[in-house]
>>> print(open('protein_21.cif').read())   # mmCIF, C-alpha atoms and all ligand atoms
data_protein
loop_
_atom_site.label_atom_id
_atom_site.label_comp_id
_atom_site.auth_asym_id
_atom_site.auth_seq_id
_atom_site.Cartn_x
_atom_site.Cartn_y
_atom_site.Cartn_z
CA MET P 1 5.25 -0.14 76.46
CA THR P 2 7.58 -0.03 73.46
CA ALA P 3 8.04 3.30 71.69
CA PRO P 4 6.13 3.53 68.40
CA LEU P 5 8.03 3.36 65.16
CA LEU P 6 9.16 6.82 64.16
CA ILE P 7 8.21 6.21 60.54
CA ASP P 8 5.76 3.50 59.52
CA ILE P 9 4.61 3.59 55.91
CA ARG P 10 2.58 0.83 54.33
CA GLN P 11 1.86 0.42 50.65
CA VAL P 12 2.42 4.10 49.93
CA THR P 13 1.64 5.18 46.38
CA LYS P 14 2.05 8.59 44.77
CA SER P 15 0.73 9.91 41.49
CA TYR P 16 1.14 13.35 40.00
CA HIS P 17 -1.57 14.85 37.84
CA SER P 18 -1.07 17.42 35.13
CA GLY P 19 -4.12 18.09 32.98
CA ASN P 20 -5.64 14.71 32.18
CA VAL P 21 -2.35 12.89 32.49
CA GLU P 22 -1.65 10.92 35.64
CA THR P 23 1.89 9.74 36.30
CA GLN P 24 2.47 7.21 39.04
CA VAL P 25 5.82 7.66 40.76
CA LEU P 26 5.64 5.42 43.86
CA PHE P 27 4.17 1.91 43.72
CA GLY P 28 3.45 0.51 47.17
CA ILE P 29 6.39 1.43 49.40
CA ASP P 30 6.72 -0.17 52.86
CA LEU P 31 9.23 1.12 55.40
CA ALA P 32 9.41 0.79 59.18
CA VAL P 33 11.99 2.99 60.89
CA PRO P 34 12.51 2.58 64.65
CA ARG P 35 14.07 5.31 66.77
CA GLY P 36 17.85 5.39 66.51
CA ASP P 37 18.03 4.08 62.94
CA PHE P 38 20.23 5.65 60.26
CA VAL P 39 18.92 4.94 56.76
CA ALA P 40 20.52 5.91 53.45
CA VAL P 41 18.12 6.08 50.48
CA MET P 42 19.64 5.45 47.07
CA GLY P 43 18.31 5.04 43.55
CA GLN P 44 18.72 6.46 40.08
CA SER P 45 17.56 9.95 39.22
CA GLY P 46 13.76 9.92 38.97
CA SER P 47 13.33 6.75 41.06
CA GLY P 48 11.21 8.65 43.61
CA LYS P 49 13.65 9.41 46.45
CA SER P 50 12.70 13.08 46.90
CA THR P 51 9.02 12.29 46.41
CA LEU P 52 9.26 9.78 49.26
CA MET P 53 11.24 12.19 51.48
CA ASN P 54 8.60 14.88 50.90
CA ILE P 55 5.96 12.41 52.09
CA PHE P 56 8.05 11.49 55.15
CA GLY P 57 8.43 15.21 55.88
CA CYS P 58 4.67 15.87 55.56
CA LEU P 59 5.51 18.36 52.82
CA ASP P 60 3.39 16.30 50.43
CA GLN P 61 0.76 13.60 50.95
CA ALA P 62 0.69 10.07 49.64
CA SER P 63 -1.99 9.19 47.09
CA GLY P 64 -2.62 5.84 48.78
CA GLY P 65 -1.47 3.65 51.65
CA SER P 66 -0.82 4.75 55.20
CA TYR P 67 1.79 6.84 57.00
CA CYS P 68 2.18 6.94 60.77
CA LEU P 69 4.73 9.44 62.06
CA ASP P 70 5.74 8.80 65.68
CA GLY P 71 2.54 6.85 66.22
CA VAL P 72 0.23 9.43 64.64
CA ASP P 73 -1.74 8.58 61.48
CA THR P 74 -0.85 11.56 59.28
CA LEU P 75 -3.65 10.98 56.76
CA THR P 76 -6.28 12.03 59.33
CA LEU P 77 -4.57 15.34 60.18
CA SER P 78 -5.48 18.85 59.07
CA ARG P 79 -2.83 21.10 57.53
CA ALA P 80 -2.34 22.88 60.86
CA GLU P 81 -1.99 19.60 62.74
CA LEU P 82 0.50 18.36 60.13
CA ALA P 83 2.59 21.51 60.58
CA THR P 84 2.59 21.00 64.34
CA ILE P 85 3.73 17.39 64.22
CA ARG P 86 6.29 18.27 61.53
CA ASN P 87 7.81 21.05 63.65
CA ARG P 88 7.93 18.85 66.72
CA THR P 89 9.29 15.72 65.04
CA ILE P 90 11.42 16.58 62.02
CA GLY P 91 14.50 18.65 61.23
CA PHE P 92 15.28 19.17 57.53
CA VAL P 93 18.69 19.45 55.86
CA PHE P 94 18.84 20.31 52.15
CA GLN P 95 21.45 20.07 49.42
CA SER P 96 21.55 23.85 49.00
CA PHE P 97 21.67 24.63 52.76
CA ASN P 98 18.70 27.06 52.46
CA LEU P 99 20.14 29.62 54.88
CA ILE P 100 18.84 33.19 54.88
CA LYS P 101 21.68 35.39 53.60
CA ARG P 102 20.76 38.66 55.34
CA MET P 103 20.53 37.03 58.77
CA SER P 104 23.43 36.08 61.03
CA VAL P 105 24.33 32.44 61.54
CA ALA P 106 22.82 32.52 65.06
CA GLU P 107 19.59 34.12 63.77
CA ASN P 108 19.31 31.42 61.10
CA VAL P 109 19.64 28.66 63.68
CA ALA P 110 17.20 30.34 66.09
CA LEU P 111 14.54 30.88 63.42
CA PRO P 112 12.55 27.63 63.87
CA LEU P 113 12.20 28.41 67.59
CA ILE P 114 11.11 32.00 66.90
CA TYR P 115 8.44 30.62 64.52
CA ALA P 116 7.38 28.20 67.27
CA GLY P 117 6.77 31.14 69.61
CA VAL P 118 9.87 30.80 71.81
CA SER P 119 11.21 34.11 73.21
CA ARG P 120 14.15 35.71 71.36
CA SER P 121 16.54 35.35 74.29
CA LYS P 122 15.74 31.66 74.84
CA ALA P 123 15.90 30.94 71.10
CA HIS P 124 19.27 32.71 70.83
CA ALA P 125 20.71 30.78 73.78
CA LYS P 126 19.57 27.43 72.30
CA ALA P 127 20.96 28.44 68.89
CA LEU P 128 24.38 29.13 70.44
CA LEU P 129 24.29 25.75 72.18
CA GLU P 130 23.55 23.95 68.89
CA LEU P 131 26.26 25.96 67.10
CA GLU P 132 28.71 24.94 69.80
CA ARG P 133 27.74 21.29 69.29
CA VAL P 134 28.65 21.52 65.59
CA GLY P 135 31.86 23.43 66.39
CA LEU P 136 30.74 26.82 65.05
CA LYS P 137 30.02 28.96 68.11
CA ASP P 138 32.71 31.46 67.10
CA TYR P 139 30.91 32.01 63.79
CA ALA P 140 27.56 32.98 65.31
CA LYS P 141 27.69 36.64 64.30
CA ARG P 142 28.82 36.08 60.72
CA THR P 143 26.46 35.89 57.78
CA PRO P 144 26.22 32.58 55.83
CA ASN P 145 28.18 33.89 52.81
CA GLN P 146 31.22 34.38 55.09
CA LEU P 147 31.32 30.62 55.69
CA SER P 148 32.58 27.68 53.62
CA GLY P 149 30.10 25.21 52.13
CA GLY P 150 30.79 22.64 54.83
CA GLN P 151 30.37 25.25 57.56
CA GLN P 152 27.09 26.39 56.02
CA GLN P 153 25.83 22.82 56.01
CA ARG P 154 26.79 22.46 59.69
CA VAL P 155 24.80 25.62 60.41
CA ALA P 156 21.86 24.01 58.60
CA ILE P 157 22.29 20.89 60.76
CA ALA P 158 22.30 23.06 63.91
CA ARG P 159 19.10 24.75 62.65
CA ALA P 160 17.51 21.34 62.00
CA LEU P 161 18.30 20.28 65.57
CA VAL P 162 17.44 23.46 67.45
CA GLY P 163 13.91 22.26 68.28
CA ASP P 164 15.22 18.88 69.53
CA PRO P 165 13.39 16.76 66.91
CA PRO P 166 13.96 12.99 67.10
CA LEU P 167 14.26 12.75 63.27
CA ILE P 168 16.47 14.37 60.62
CA LEU P 169 15.51 14.16 56.94
CA ALA P 170 18.35 15.07 54.60
CA ASP P 171 17.98 15.10 50.79
CA GLU P 172 21.47 14.89 49.23
CA PRO P 173 23.09 16.93 52.05
CA THR P 174 26.57 16.44 50.61
CA GLY P 175 25.53 17.02 46.98
CA ASN P 176 27.19 20.47 46.84
CA LEU P 177 30.28 19.60 48.88
CA ASP P 178 33.76 18.30 48.00
CA THR P 179 34.84 14.84 49.12
CA GLN P 180 36.66 15.77 52.33
CA THR P 181 33.90 18.12 53.46
CA SER P 182 31.31 15.44 52.67
CA ILE P 183 33.18 13.05 54.95
CA ASP P 184 33.21 15.64 57.75
CA ILE P 185 29.44 16.17 57.39
CA MET P 186 28.78 12.42 57.38
CA ARG P 187 30.86 12.04 60.55
CA SER P 188 28.70 14.75 62.13
CA PHE P 189 25.54 12.80 61.17
CA GLN P 190 27.08 9.60 62.53
CA GLN P 191 27.84 11.29 65.86
CA LEU P 192 24.31 12.68 66.10
CA ASN P 193 22.99 9.19 65.52
CA GLU P 194 25.34 7.39 67.91
CA GLN P 195 25.67 9.95 70.70
CA ARG P 196 22.29 11.70 70.70
CA GLY P 197 20.18 8.89 69.31
CA ILE P 198 18.86 11.08 66.48
CA THR P 199 17.17 9.04 63.76
CA ILE P 200 18.42 9.95 60.29
CA LEU P 201 17.07 9.38 56.79
CA LEU P 202 19.42 10.59 54.11
CA VAL P 203 19.25 10.54 50.31
CA THR P 204 22.50 10.14 48.42
CA HIS P 205 23.85 9.03 45.05
CA GLU P 206 27.24 8.11 46.49
CA PRO P 207 27.97 4.61 47.88
CA ASP P 208 30.81 6.14 49.96
CA ILE P 209 28.28 8.42 51.65
CA ALA P 210 25.69 5.67 52.14
CA ALA P 211 28.40 3.60 53.86
CA TYR P 212 28.05 5.84 56.94
CA ALA P 213 24.46 4.65 57.43
CA LYS P 214 23.40 1.49 59.26
CA ARG P 215 20.71 0.62 56.79
CA LEU P 216 20.20 1.07 53.07
CA MET P 217 17.00 1.38 51.07
CA ARG P 218 17.39 1.26 47.30
CA LEU P 219 14.56 2.43 45.10
CA LYS P 220 14.05 1.53 41.47
CA ASP P 221 11.25 3.04 39.41
CA GLY P 222 9.23 3.78 42.55
CA ARG P 223 9.63 0.36 44.13
CA VAL P 224 11.88 -0.92 46.92
CA LEU P 225 14.74 -2.91 45.40
CA TYR P 226 16.60 -3.51 48.68
CA ASP P 227 16.03 -2.76 52.34
CA GLY P 228 18.55 -4.11 54.83
CA PRO P 229 22.00 -3.63 56.31
CA ALA P 230 23.99 -0.93 54.45
CA ALA P 231 27.14 -3.04 54.10
CA GLU P 232 25.28 -5.91 52.39
CA GLY P 233 23.24 -3.56 50.19
CA LEU P 234 26.35 -1.70 49.02
CA ARG P 235 28.08 -4.99 48.28
CA GLN P 236 25.12 -6.01 46.09
CA LEU P 237 25.14 -2.60 44.41
CA ALA P 238 28.87 -2.88 43.59
CA ALA P 239 28.34 -6.41 42.26
CA SER P 240 25.50 -5.23 40.00
CA HIS P 241 27.73 -2.44 38.62
CA GLU P 242 30.46 -4.97 37.88
CA ALA P 243 27.91 -7.18 36.14
CA ILE P 244 26.93 -4.24 33.88
CA THR P 245 30.50 -3.29 32.92
CA VAL P 246 31.66 -6.88 32.28
N1 LIG E 301 5.55 17.95 41.06
C1 LIG E 301 5.69 16.96 40.16
N2 LIG E 301 4.84 16.83 39.13
C2 LIG E 301 4.97 15.83 38.24
N3 LIG E 301 5.93 14.90 38.27
C3 LIG E 301 6.84 14.99 39.25
C4 LIG E 301 6.78 16.02 40.26
N4 LIG E 301 7.81 15.84 41.11
C5 LIG E 301 8.46 14.76 40.67
N5 LIG E 301 7.90 14.24 39.57
C6 LIG E 301 8.35 13.04 38.82
O1 LIG E 301 8.42 11.97 39.75
C7 LIG E 301 9.55 11.15 39.47
C8 LIG E 301 10.38 10.99 40.72
O2 LIG E 301 10.94 12.26 41.06
P1 LIG E 301 11.85 12.48 42.32
O3 LIG E 301 12.16 13.93 42.41
O4 LIG E 301 11.22 11.85 43.51
O5 LIG E 301 13.15 11.65 41.92
P2 LIG E 301 14.54 11.48 42.67
O6 LIG E 301 14.74 10.03 42.89
O7 LIG E 301 14.59 12.37 43.85
O8 LIG E 301 15.57 11.97 41.56
P3 LIG E 301 16.95 12.80 41.70
O9 LIG E 301 17.99 11.79 42.06
O10 LIG E 301 17.16 13.34 40.31
O11 LIG E 301 16.75 13.87 42.72
C9 LIG E 301 10.27 11.79 38.30
O12 LIG E 301 9.93 11.09 37.14
C10 LIG E 301 9.74 13.20 38.27
O13 LIG E 301 9.74 13.71 36.99
MG MG E 302 15.74 14.06 44.37
#
>>> encode(input="protein_21.cif", output="structure tokens", more="lines below")
Ligand SMILES: Nc1ncnc2c1ncn2[C@@H]1O[C@H](COP(=O)(O)OP(=O)(O)OP(=O)(O)O)[C@@H](O)[C@H]1O
Ligand SMILES: [Mg+2]
Amino acid sequence: MTAPLLIDIRQVTKSYHSGNVETQVLFGIDLAVPRGDFVAVMGQSGSGKSTLMNIFGCLDQASGGSYCLDGVDTLTLSRAELATIRNRTIGFVFQSFNLIKRMSVAENVALPLIYAGVSRSKAHAKALLELERVGLKDYAKRTPNQLSGGQQQRVAIARALVGDPPLILADEPTGNLDTQTSIDIMRSFQQLNEQRGITILLVTHEPDIAAYAKRLMRLKDGRVLYDGPAAEGLRQLAASHEAITV
């Protein structure tokens, strides 16, 4: 039996309502992501990248279409069931790290396991293992504000991985980092993908960042403009920029 697609969305639409006004943001998105894929999502501001990531992450629901996450049809699930599959399947990494300032680095990383009902000692041991994997074991007792931006983002990656999810969703994870630190973080994602088989979906505005992915999806005005190998997609993107400036 082949493993189910990790993400399988068909004809996903999304509309926001405020008062009597309905604004459609996504217009029939299809995406099939097998285990082990590494997808960069690009598109202009407002093209629907975060909206789509929120749907992938079961933080928001599509208005239409279907979404199967690891073989489970999410539209049939209750809120509690959605939370369970989300905790089991997905680790989140955000642009602003979202670490809790008054907790130590190790406590931050252990937190998802504590929420999942794992004992403190087991959660702490797993947190230290994940911190070691991102090269930050010696920083376990510090608080996040005693770390650089890149180190904080690596702590957030360790936290995302502490429950051993097969999938990482990252919305502009290098958006607050300088170029060299961004490269370090992208190398970490690449290693996770190649060595641990973690599937990664990552939103970025930077072609240099997207170049670390295997596959590129470009969105325009809530529609898929390109879905294919990253190298070819980035070549097309560069060519379209040249066409505009000529
Ligand atoms: N909660 C909401 N209510 C109403 N409209 C929204 C809401 N969230 C997003 N939108 C609209 O949906 C569109 C897509 O937003 P989204 O945040 O997905 O864009 P994005 O591609 O992530 O942009 P950026 O690159 O700036 O992060 C935008 O026009 C935005 O104004
Ligand atoms: Mg966004």
>>> residues_around(input="protein_21.cif", residues="Lys141 (chain P)", least_positions_apart="6", cutoff="12 Å", atoms="only C-alpha atoms", output="VMD selection string")
chain P and resid 102 to 109 124 127 to 128 131 147
>>> closest_residue(input="protein_21.cif", among="P:Gly91, P:Pro166, P:Gly57, P:Gly48", to="ligand MG 302 (chain E)", atoms="only C-alpha atoms and all ligand atoms")
P:Gly48
>>> residues_near_ligand(input="protein_21.cif", ligand="ligand MG 302 (chain E)", cutoff="7 Å", atoms="only C-alpha atoms and all ligand atoms", output="list of chain:residue names")
P:Ser45, P:Lys49, P:Ser50, P:Asp171
>>> closest_atom_pairs(input="protein_21.cif", of="chain P", to="ligand LIG 301 (chain E)", cutoff="8 Å", atoms="all atoms listed in the file", output="tab-separated table")
residue	atom	partner	partner_atom	distance
P:Ser15	CA	E:LIG301	N3	7.9
P:Tyr16	CA	E:LIG301	C2	4.9
P:His17	CA	E:LIG301	C2	6.6
P:Ser18	CA	E:LIG301	C2	7.0
P:Thr23	CA	E:LIG301	N3	6.8
P:Gln24	CA	E:LIG301	O1	7.7
P:Val25	CA	E:LIG301	O1	5.1
P:Leu26	CA	E:LIG301	C8	8.0
P:Met42	CA	E:LIG301	O6	7.9
P:Gly43	CA	E:LIG301	O6	6.2
P:Gln44	CA	E:LIG301	O9	5.7
P:Ser45	CA	E:LIG301	O9	3.4
P:Gly46	CA	E:LIG301	O5	3.5
P:Ser47	CA	E:LIG301	O6	4.0
P:Gly48	CA	E:LIG301	O4	3.2
P:Lys49	CA	E:LIG301	O6	3.8
P:Ser50	CA	E:LIG301	O7	3.7
P:Thr51	CA	E:LIG301	O4	3.7
P:Leu52	CA	E:LIG301	O4	6.4
P:Met53	CA	E:LIG301	O4	8.0
P:Thr204	CA	E:LIG301	O9	8.0
P:His205	CA	E:LIG301	O9	7.1
P:Leu219	CA	E:LIG301	O6	7.9
P:Gly222	CA	E:LIG301	C8	7.5
>>> write_last_selection(input="protein_21.cif", atoms="C-alpha atoms", output="CSV table (one decimal), in the coordinates of the input")
chain,number,residue,atom,x,y,z
P,15,SER,CA,0.7,9.9,41.5
P,16,TYR,CA,1.1,13.4,40.0
P,17,HIS,CA,-1.6,14.8,37.8
P,18,SER,CA,-1.1,17.4,35.1
P,23,THR,CA,1.9,9.7,36.3
P,24,GLN,CA,2.5,7.2,39.0
P,25,VAL,CA,5.8,7.7,40.8
P,26,LEU,CA,5.6,5.4,43.9
P,42,MET,CA,19.6,5.4,47.1
P,43,GLY,CA,18.3,5.0,43.6
P,44,GLN,CA,18.7,6.5,40.1
P,45,SER,CA,17.6,10.0,39.2
P,46,GLY,CA,13.8,9.9,39.0
P,47,SER,CA,13.3,6.8,41.1
P,48,GLY,CA,11.2,8.6,43.6
P,49,LYS,CA,13.6,9.4,46.4
P,50,SER,CA,12.7,13.1,46.9
P,51,THR,CA,9.0,12.3,46.4
P,52,LEU,CA,9.3,9.8,49.3
P,53,MET,CA,11.2,12.2,51.5
P,204,THR,CA,22.5,10.1,48.4
P,205,HIS,CA,23.8,9.0,45.0
P,219,LEU,CA,14.6,2.4,45.1
P,222,GLY,CA,9.2,3.8,42.6
>>> closest_residue(input="protein_21.cif", among="P:Leu5, P:Ala210, P:Ala230, P:Met217", to="Leu69 (chain P)", atoms="all atoms listed in the file")
P:Leu5
>>> atom_distance(input="protein_21.cif", atom1="CA of Ile157 (chain P)", atom2="CA of Asp138 (chain P)")
16.1 Å
>>> axis_aligned_box(input="protein_21.cif", around="region 163-170 of chain P", padding_each_side="3 Å", output="lines of an AutoDock Vina configuration file")
center_x = 15.9
center_y = 17.5
center_z = 62.1
size_x = 11.0
size_y = 15.5
size_z = 20.9
>>> residues_around(input="protein_21.cif", residues="Lys122 (chain P)", least_positions_apart="2", cutoff="12 Å", atoms="all atoms listed in the file", output="PyMOL selection string")
chain P and resi 107+110-111+113-114+116-120+124-129+162-163
>>> atom_distance(input="protein_21.cif", atom1="CA of Arg79 (chain P)", atom2="CA of Ile55 (chain P)")
13.5 Å
>>> atom_distance(input="protein_21.cif", atom1="CA of Asp221 (chain P)", atom2="CA of Leu59 (chain P)")
21.2 Å
>>> closest_residue(input="protein_21.cif", among="P:Asp227, P:Glu232, P:Glu242, P:Asp73", to="Ile29 (chain P)", atoms="all atoms listed in the file")
P:Asp227
>>> closest_residue(input="protein_21.cif", among="P:Val134, P:Cys58, P:Ile200, P:Leu177", to="Ala213 (chain P)", atoms="only C-alpha atoms")
P:Ile200
>>> closest_residue(input="protein_21.cif", among="P:Ala3, P:Met186, P:Leu82, P:Val12", to="Arg35 (chain P)", atoms="all atoms listed in the file")
P:Ala3
